[in-house]
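J.: So here's coords14.txt, just compact mmCIF, C-alpha atoms and all ligand atoms:
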# COMPACT_ATOMS: atom_id res chain seq x y z
CA MET A 1 17.43 -14.77 164.91
CA GLY A 2 17.91 -18.36 163.75
CA PRO A 3 19.09 -19.38 160.30
CA LEU A 4 15.60 -20.30 159.14
CA GLN A 5 14.20 -16.82 159.56
CA VAL A 6 17.20 -15.38 157.78
CA THR A 7 16.51 -17.62 154.81
CA ARG A 8 12.82 -16.89 154.75
CA THR A 9 13.17 -13.16 154.80
CA ASP A 10 15.97 -13.06 152.24
CA LYS A 11 14.09 -11.45 149.35
CA LYS A 12 16.99 -11.93 146.93
CA VAL A 13 16.55 -15.70 146.82
CA LYS A 14 13.37 -16.53 144.95
CA PRO A 15 12.31 -19.97 146.12
CA LEU A 16 11.58 -22.77 143.71
CA GLN A 17 7.89 -23.56 144.03
CA ILE A 18 6.15 -26.77 143.11
CA VAL A 19 2.41 -27.33 143.38
CA SER A 20 1.22 -30.79 144.38
CA ASN A 21 -2.33 -31.87 143.62
CA SER A 22 -2.41 -35.12 145.59
CA PRO A 23 -0.64 -36.98 148.40
CA GLU A 24 0.85 -39.30 145.78
CA GLN A 25 2.31 -36.34 143.91
CA THR A 26 3.85 -35.05 147.13
CA ARG A 27 5.37 -38.49 147.74
CA LYS A 28 6.79 -38.44 144.20
CA ILE A 29 8.47 -35.09 144.85
CA GLY A 30 9.89 -36.56 148.04
CA MET A 31 11.07 -39.60 146.15
CA LYS A 32 13.08 -37.42 143.78
CA LEU A 33 14.66 -35.68 146.77
CA GLY A 34 15.50 -39.07 148.26
CA GLU A 35 17.16 -40.11 145.02
CA LEU A 36 19.22 -36.91 144.99
CA ALA A 37 20.13 -37.03 148.67
CA ALA A 38 23.70 -37.53 149.74
CA SER A 39 25.38 -38.45 152.99
CA GLY A 40 25.04 -35.67 155.56
CA ASP A 41 22.11 -33.91 153.93
CA VAL A 42 19.70 -31.99 156.14
CA ILE A 43 16.16 -31.29 154.96
CA LEU A 44 14.04 -29.03 157.14
CA LEU A 45 10.25 -29.05 156.81
CA VAL A 46 7.91 -26.33 158.00
CA GLY A 47 4.16 -25.90 157.60
CA PRO A 48 0.97 -26.48 159.60
CA LEU A 49 -0.46 -29.78 160.78
CA GLY A 50 -1.74 -31.72 157.78
CA ALA A 51 0.36 -29.81 155.28
CA GLY A 52 2.07 -32.99 154.07
CA LYS A 53 5.43 -33.01 155.87
CA THR A 54 5.15 -36.68 156.82
CA CYS A 55 3.81 -37.53 153.37
CA LEU A 56 6.84 -35.87 151.77
CA THR A 57 9.13 -37.72 154.19
CA GLN A 58 7.56 -41.04 153.14
CA GLY A 59 8.54 -40.17 149.58
CA ILE A 60 12.09 -39.31 150.64
CA ALA A 61 12.30 -42.71 152.35
CA ARG A 62 11.11 -44.39 149.19
CA GLY A 63 13.68 -42.51 147.11
CA LEU A 64 16.38 -43.75 149.44
CA GLY A 65 15.21 -47.31 148.82
CA ILE A 66 13.46 -47.69 152.17
CA HIS A 67 10.26 -49.65 151.76
CA GLU A 68 9.65 -50.51 155.41
CA TYR A 69 8.51 -47.00 156.27
CA THR A 70 5.92 -47.13 159.03
CA ALA A 71 4.21 -44.18 160.61
CA SER A 72 5.01 -44.90 164.25
CA PRO A 73 3.38 -42.91 167.07
CA SER A 74 3.95 -39.18 167.02
CA PHE A 75 5.58 -39.15 170.47
CA VAL A 76 8.64 -40.75 168.88
CA LEU A 77 11.05 -37.89 168.27
CA VAL A 78 13.59 -39.67 166.10
CA ARG A 79 12.99 -42.61 163.83
CA GLU A 80 15.90 -44.35 162.12
CA TYR A 81 15.68 -46.34 158.93
CA HIS A 82 18.68 -48.35 157.84
CA GLN A 83 17.35 -50.41 154.96
CA GLY A 84 18.13 -47.88 152.21
CA LYS A 85 21.22 -46.65 150.36
CA LEU A 86 21.78 -44.18 153.22
CA PRO A 87 20.41 -44.10 156.77
CA LEU A 88 17.35 -41.88 157.15
CA TYR A 89 16.83 -40.02 160.41
CA HIS A 90 13.30 -38.70 160.64
CA ILE A 91 13.07 -36.13 163.41
CA ASP A 92 9.71 -34.69 164.47
CA LEU A 93 9.81 -31.67 166.77
CA TYR A 94 6.02 -31.28 166.96
CA ARG A 95 5.79 -32.02 170.67
CA LEU A 96 8.51 -29.64 171.73
CA ASP A 97 7.71 -26.16 172.94
CA ARG A 98 11.05 -24.50 173.48
CA VAL A 99 14.25 -24.39 171.51
CA GLU A 100 16.14 -25.39 174.69
CA GLU A 101 14.28 -28.70 174.63
CA VAL A 102 15.46 -29.28 171.08
CA ALA A 103 19.04 -28.47 172.10
CA GLN A 104 18.80 -30.99 174.96
CA LEU A 105 17.79 -33.82 172.65
CA GLY A 106 21.39 -34.21 171.52
CA LEU A 107 20.52 -34.41 167.84
CA ASP A 108 24.01 -33.60 166.60
CA ASP A 109 24.95 -37.22 165.96
CA TYR A 110 22.05 -37.31 163.51
CA LEU A 111 22.36 -33.80 162.13
CA TYR A 112 26.08 -34.02 161.51
CA GLY A 113 26.19 -37.78 160.86
CA ASP A 114 26.48 -39.61 157.57
CA GLY A 115 22.82 -40.24 156.93
CA VAL A 116 20.03 -38.04 155.63
CA CYS A 117 18.13 -36.00 158.23
CA VAL A 118 14.57 -34.86 157.69
CA VAL A 119 13.22 -32.56 160.38
CA GLU A 120 9.49 -31.86 160.72
CA TRP A 121 8.49 -28.65 162.54
CA ALA A 122 12.02 -27.39 162.00
CA ASP A 123 10.95 -23.86 162.93
CA LYS A 124 10.79 -25.04 166.56
CA GLY A 125 14.52 -25.65 166.54
CA SER A 126 15.78 -23.15 163.98
CA SER A 127 18.65 -21.72 166.01
CA VAL A 128 20.12 -25.14 166.90
CA LEU A 129 19.77 -26.73 163.46
CA PRO A 130 22.57 -26.69 160.86
CA GLU A 131 23.03 -23.43 159.04
CA GLU A 132 23.38 -25.22 155.71
CA HIS A 133 20.19 -27.07 154.81
CA LEU A 134 17.35 -27.37 152.38
CA LEU A 135 14.29 -25.69 153.83
CA ILE A 136 10.92 -26.72 152.43
CA GLU A 137 7.81 -24.81 153.38
CA LEU A 138 4.50 -26.57 152.74
CA GLN A 139 1.32 -24.56 152.43
CA VAL A 140 -2.25 -25.85 152.25
CA VAL A 141 -3.97 -24.36 149.21
CA SER A 142 -7.09 -26.55 149.12
CA PRO A 143 -8.01 -30.02 150.46
CA LEU A 144 -5.84 -31.76 147.87
CA LYS A 145 -3.53 -28.96 146.80
CA ARG A 146 -0.25 -28.02 148.49
CA LYS A 147 2.36 -25.44 147.58
CA LEU A 148 5.93 -26.45 148.29
CA SER A 149 8.58 -23.73 148.44
CA PHE A 150 12.19 -24.84 148.37
CA MET A 151 14.78 -22.60 149.98
CA PRO A 152 18.35 -23.86 149.79
CA LYS A 153 20.98 -22.61 152.20
CA GLY A 154 24.44 -23.48 150.92
CA THR A 155 25.81 -24.56 147.53
CA ARG A 156 25.22 -28.27 148.15
CA TYR A 157 21.47 -27.65 148.34
CA MET A 158 21.41 -25.19 145.46
CA LYS A 159 22.88 -27.97 143.30
CA MET A 160 20.33 -30.42 144.65
CA LEU A 161 17.48 -28.09 143.67
CA TRP A 162 18.94 -27.49 140.27
CA LYS A 163 18.91 -31.27 139.71
CA LEU A 164 15.35 -31.47 141.03
CA LYS A 165 14.31 -28.85 138.47
CA VAL A 166 15.96 -30.84 135.67
CA MET A 167 14.13 -33.99 136.83
CA LYS A 168 10.82 -32.10 136.88
CA GLN A 169 11.40 -30.85 133.34
CA GLY A 170 12.08 -34.43 132.25
CA ASP A 171 8.66 -35.38 133.66
CA LYS A 172 6.85 -32.94 131.40
CA LYS A 173 8.39 -34.21 128.15
N1 LIG B 1 -1.25 -32.71 147.83
C1 LIG B 1 -1.13 -33.27 149.04
N2 LIG B 1 0.08 -33.54 149.54
C2 LIG B 1 0.21 -34.11 150.75
N3 LIG B 1 -0.81 -34.45 151.56
C3 LIG B 1 -2.05 -34.21 151.11
C4 LIG B 1 -2.26 -33.61 149.83
N4 LIG B 1 -3.59 -33.51 149.64
C5 LIG B 1 -4.17 -34.01 150.73
N5 LIG B 1 -3.27 -34.44 151.63
C6 LIG B 1 -3.58 -35.04 152.94
O1 LIG B 1 -3.07 -34.18 153.94
C7 LIG B 1 -2.59 -34.94 155.03
C8 LIG B 1 -1.11 -34.66 155.24
O2 LIG B 1 -0.73 -35.32 156.40
P1 LIG B 1 0.76 -35.35 156.93
O3 LIG B 1 1.68 -35.70 155.81
O4 LIG B 1 0.75 -36.23 158.13
O5 LIG B 1 0.96 -33.81 157.33
P2 LIG B 1 1.97 -33.18 158.37
O6 LIG B 1 3.07 -34.18 158.62
O7 LIG B 1 2.46 -31.93 157.70
O8 LIG B 1 1.18 -32.87 159.60
C9 LIG B 1 -2.83 -36.41 154.69
O9 LIG B 1 -4.03 -36.82 155.27
C10 LIG B 1 -2.94 -36.39 153.17
O10 LIG B 1 -3.73 -37.43 152.67
MG MG B 2 3.86 -34.97 160.43
Rewrite the structure of this file - the entire thing - as structure tokens.

T.:
Amino acid sequence: MGPLQVTRTDKKVKPLQIVSNSPEQTRKIGMKLGELAASGDVILLVGPLGAGKTCLTQGIARGLGIHEYTASPSFVLVREYHQGKLPLYHIDLYRLDRVEEVAQLGLDDYLYGDGVCVVEWADKGSSVLPEEHLLIELQVVSPLKRKLSFMPKGTRYMKMLWKLKVMKQGDKK
């Protein structure tokens, strides 16, 4: 069993959940993550088509200071952005069917490099992705509503989530 499943079935860790009511709100959540991101961070996204994974990634790019984000064709597996405070590596595993294919991509330079990695459809590569990561599951609640569940694996990501919570509380005041 890959690390993702272990995280998701670990009943002891109650995930932080945030509801988003619009694409813009999802981008804002992503932006906060981008602001908090540090060199080497790995953010794994899971959820069905149209859940908002790319939308969240756009926000992460913005938070990193990348304003040239363009949604290039979906057959591109890895997109690199170097205009921000850290490189962003946006990996989309949608088109892959088997974990062996993911392993053959040679993603380690990205995953263990000094940028920030965001992986869409991370469940397709769970066993070959880093054990320490921030897993975000996006669920479609209604046409404009999404539920985001944050599951940190490793202290680095627990700290990141704690800071995200503090930022969210600041929003409400
Ligand atoms: N709250 C929301 N958050 C994110 N996307 C939303 C939301 N409400 C509606 N949407 C729409 O859902 C779609 C999400 O698309 P996308 O981010 O490409 O999903 P994915 O990458 O998960 O397939 C977009 O068309 C977006 O406008
Ligand atoms: Mg997508």

J.: Taking into account all atoms listed in the file, which residue in the set A:Leu148, A:Ala61, A:Val128, A:Ala122 is nearest to Thr26 in chain A?

T.: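 Of A:Leu148, A:Ala61, A:Val128, A:Ala122, the one nearest Thr26 in chain A, counting all atoms listed in the file, is A:Leu148.
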
J.: Within 8 Å of ligand MG 2 (chain B), counting only C-alpha atoms and all ligand atoms: which residues, as a list in words?

T.: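 The residues near ligand MG 2 (chain B) are Leu49, Gly50, Gly52, Lys53, Thr54, Cys55, Ser74, Asp92, Tyr94 and Glu120 of chain A.
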
J.: So that each row is one residue of chain A with an atom at most 12 Å from ligand LIG 1 (chain B), can you give its shortest atom pair and the distance in Å to one decimal, using all atoms listed in the file, rows by chain and rising number, as CSV?

T.:
residue,atom,partner,partner_atom,distance
A:Ile18,CA,B:LIG1,N1,10.6
A:Val19,CA,B:LIG1,N1,7.9
A:Ser20,CA,B:LIG1,N1,4.7
A:Asn21,CA,B:LIG1,N1,4.4
A:Ser22,CA,B:LIG1,N1,3.5
A:Pro23,CA,B:LIG1,N2,3.7
A:Glu24,CA,B:LIG1,N2,6.9
A:Gln25,CA,B:LIG1,N1,6.4
A:Thr26,CA,B:LIG1,N2,4.7
A:Arg27,CA,B:LIG1,C2,7.4
A:Lys28,CA,B:LIG1,N2,9.9
A:Ile29,CA,B:LIG1,N2,9.7
A:Gly30,CA,B:LIG1,C2,10.3
A:Leu44,CA,B:LIG1,O7,12.0
A:Leu45,CA,B:LIG1,O7,8.4
A:Val46,CA,B:LIG1,O7,7.8
A:Gly47,CA,B:LIG1,O7,6.3
A:Pro48,CA,B:LIG1,O7,6.0
A:Leu49,CA,B:LIG1,O8,3.7
A:Gly50,CA,B:LIG1,O5,3.4
A:Ala51,CA,B:LIG1,O7,3.8
A:Gly52,CA,B:LIG1,O3,3.2
A:Lys53,CA,B:LIG1,O7,3.7
A:Thr54,CA,B:LIG1,O6,3.7
A:Cys55,CA,B:LIG1,O3,3.7
A:Leu56,CA,B:LIG1,O3,6.6
A:Thr57,CA,B:LIG1,O3,7.9
A:Gln58,CA,B:LIG1,O3,8.4
A:Gly59,CA,B:LIG1,O3,10.3
A:Ala71,CA,B:LIG1,O4,9.0
A:Ser72,CA,B:LIG1,O4,11.4
A:Pro73,CA,B:LIG1,O4,11.5
A:Ser74,CA,B:LIG1,O6,9.8
A:His90,CA,B:LIG1,O6,11.4
A:Ile91,CA,B:LIG1,O6,11.3
A:Asp92,CA,B:LIG1,O6,8.9
A:Leu93,CA,B:LIG1,O6,10.9
A:Tyr94,CA,B:LIG1,O8,9.0
A:Val118,CA,B:LIG1,O6,11.6
A:Val119,CA,B:LIG1,O6,10.4
A:Glu120,CA,B:LIG1,O6,7.1
A:Trp121,CA,B:LIG1,O7,8.4
A:Ala122,CA,B:LIG1,O7,11.4
A:Ile136,CA,B:LIG1,O7,11.2
A:Glu137,CA,B:LIG1,O7,9.9
A:Leu138,CA,B:LIG1,O7,7.6
A:Gln139,CA,B:LIG1,O7,9.1
A:Val140,CA,B:LIG1,C4,8.1
A:Val141,CA,B:LIG1,N1,8.9
A:Ser142,CA,B:LIG1,N4,7.8
A:Pro143,CA,B:LIG1,C5,5.5
A:Leu144,CA,B:LIG1,N4,3.4
A:Lys145,CA,B:LIG1,N1,4.5
A:Arg146,CA,B:LIG1,N1,4.8
A:Lys147,CA,B:LIG1,N1,8.1
A:Leu148,CA,B:LIG1,N2,9.3

J.: Got a sec: who's within 10 Å of Leu129 in chain A, counting all atoms listed in the file, leaving out chain neighbours fewer than 4 positions off, as a PyMOL selection string?

T.: chain A and resi 2-4+42+44+102-103+107-108+111-112+119+122-125+133

J.: Can you measure CA of Pro87 in chain A to CA of Val116 in chain A for me? One decimal in Å is fine.

T.: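 Taking CA of Pro87 in chain A and CA of Val116 in chain A, their separation equals 6.2 Å.
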
J.: Pick the closest to Gly84 in chain A from A:Gly65, A:Gly106, A:Gly170, A:Gly113: which is it, counting all atoms listed in the file?

T.: A:Gly65

J.: In Å to one decimal, how far is CA of Arg62 in chain A from CA of Pro130 in chain A?

T.: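 About the pair CA of Pro130 in chain A and CA of Arg62 in chain A: they are 24.1 Å apart.
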
J.: Report the distance between CA of Lys32 in chain A and CA of Ile60 in chain A in Å, rounded to one decimal place.

T.: 7.2 Å

J.: If you count only C-alpha atoms, which residues fall within 12 Å of Lys165 in chain A, apart from same-chain ones fewer than 4 positions away, as a PyMOL selection string?

T.: chain A and resi 15-18+29+32-33+36+150+158-161+169-172

J.: List as a PDB file with C-alpha atoms, in the frame of the given file the residues having at least one atom at most 12 Å from position (19.7, -47.5, 160.3) as given in the file, counting only C-alpha atoms.

T.:
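File written: selection.pdb
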ATOM      1  CA  ALA A  61      12.300 -42.710 152.350  1.00  0.00           C
ATOM      2  CA  LEU A  64      16.380 -43.750 149.440  1.00  0.00           C
ATOM      3  CA  ILE A  66      13.460 -47.690 152.170  1.00  0.00           C
ATOM      4  CA  GLU A  68       9.650 -50.510 155.410  1.00  0.00           C
ATOM      5  CA  TYR A  69       8.510 -47.000 156.270  1.00  0.00           C
ATOM      6  CA  VAL A  78      13.590 -39.670 166.100  1.00  0.00           C
ATOM      7  CA  ARG A  79      12.990 -42.610 163.830  1.00  0.00           C
ATOM      8  CA  GLU A  80      15.900 -44.350 162.120  1.00  0.00           C
ATOM      9  CA  TYR A  81      15.680 -46.340 158.930  1.00  0.00           C
ATOM     10  CA  HIS A  82      18.680 -48.350 157.840  1.00  0.00           C
ATOM     11  CA  GLN A  83      17.350 -50.410 154.960  1.00  0.00           C
ATOM     12  CA  GLY A  84      18.130 -47.880 152.210  1.00  0.00           C
ATOM     13  CA  LYS A  85      21.220 -46.650 150.360  1.00  0.00           C
ATOM     14  CA  LEU A  86      21.780 -44.180 153.220  1.00  0.00           C
ATOM     15  CA  PRO A  87      20.410 -44.100 156.770  1.00  0.00           C
ATOM     16  CA  LEU A  88      17.350 -41.880 157.150  1.00  0.00           C
ATOM     17  CA  TYR A  89      16.830 -40.020 160.410  1.00  0.00           C
ATOM     18  CA  HIS A  90      13.300 -38.700 160.640  1.00  0.00           C
ATOM     19  CA  TYR A 110      22.050 -37.310 163.510  1.00  0.00           C
ATOM     20  CA  GLY A 113      26.190 -37.780 160.860  1.00  0.00           C
ATOM     21  CA  ASP A 114      26.480 -39.610 157.570  1.00  0.00           C
ATOM     22  CA  GLY A 115      22.820 -40.240 156.930  1.00  0.00           C
ATOM     23  CA  VAL A 116      20.030 -38.040 155.630  1.00  0.00           C
ATOM     24  CA  CYS A 117      18.130 -36.000 158.230  1.00  0.00           C
TER      25      CYS A 117
END

J.: Considering only C-alpha atoms, state which residue in the set A:Arg156, A:Ser127, A:Leu96, A:Ser149 is at the smallest distance from Ser39 in chain A.

T.: A:Arg156

J.: Between A:Ile43, A:Leu135, A:Ala37, A:Leu77, which residue has the minimum interatomic distance to Pro152 in chain A, considering all atoms listed in the file?

T.: A:Leu135

J.: Report, as JSON, the centre and edge lengths in Å (one decimal) of the axis-aligned box enclosing every listed atom of range 55-74 of chain A, padded by 4 Å on each side.

T.:
{"center_x": 9.9, "center_y": -43.2, "center_z": 157.1, "size_x": 21.0, "size_y": 22.6, "size_z": 28.0}
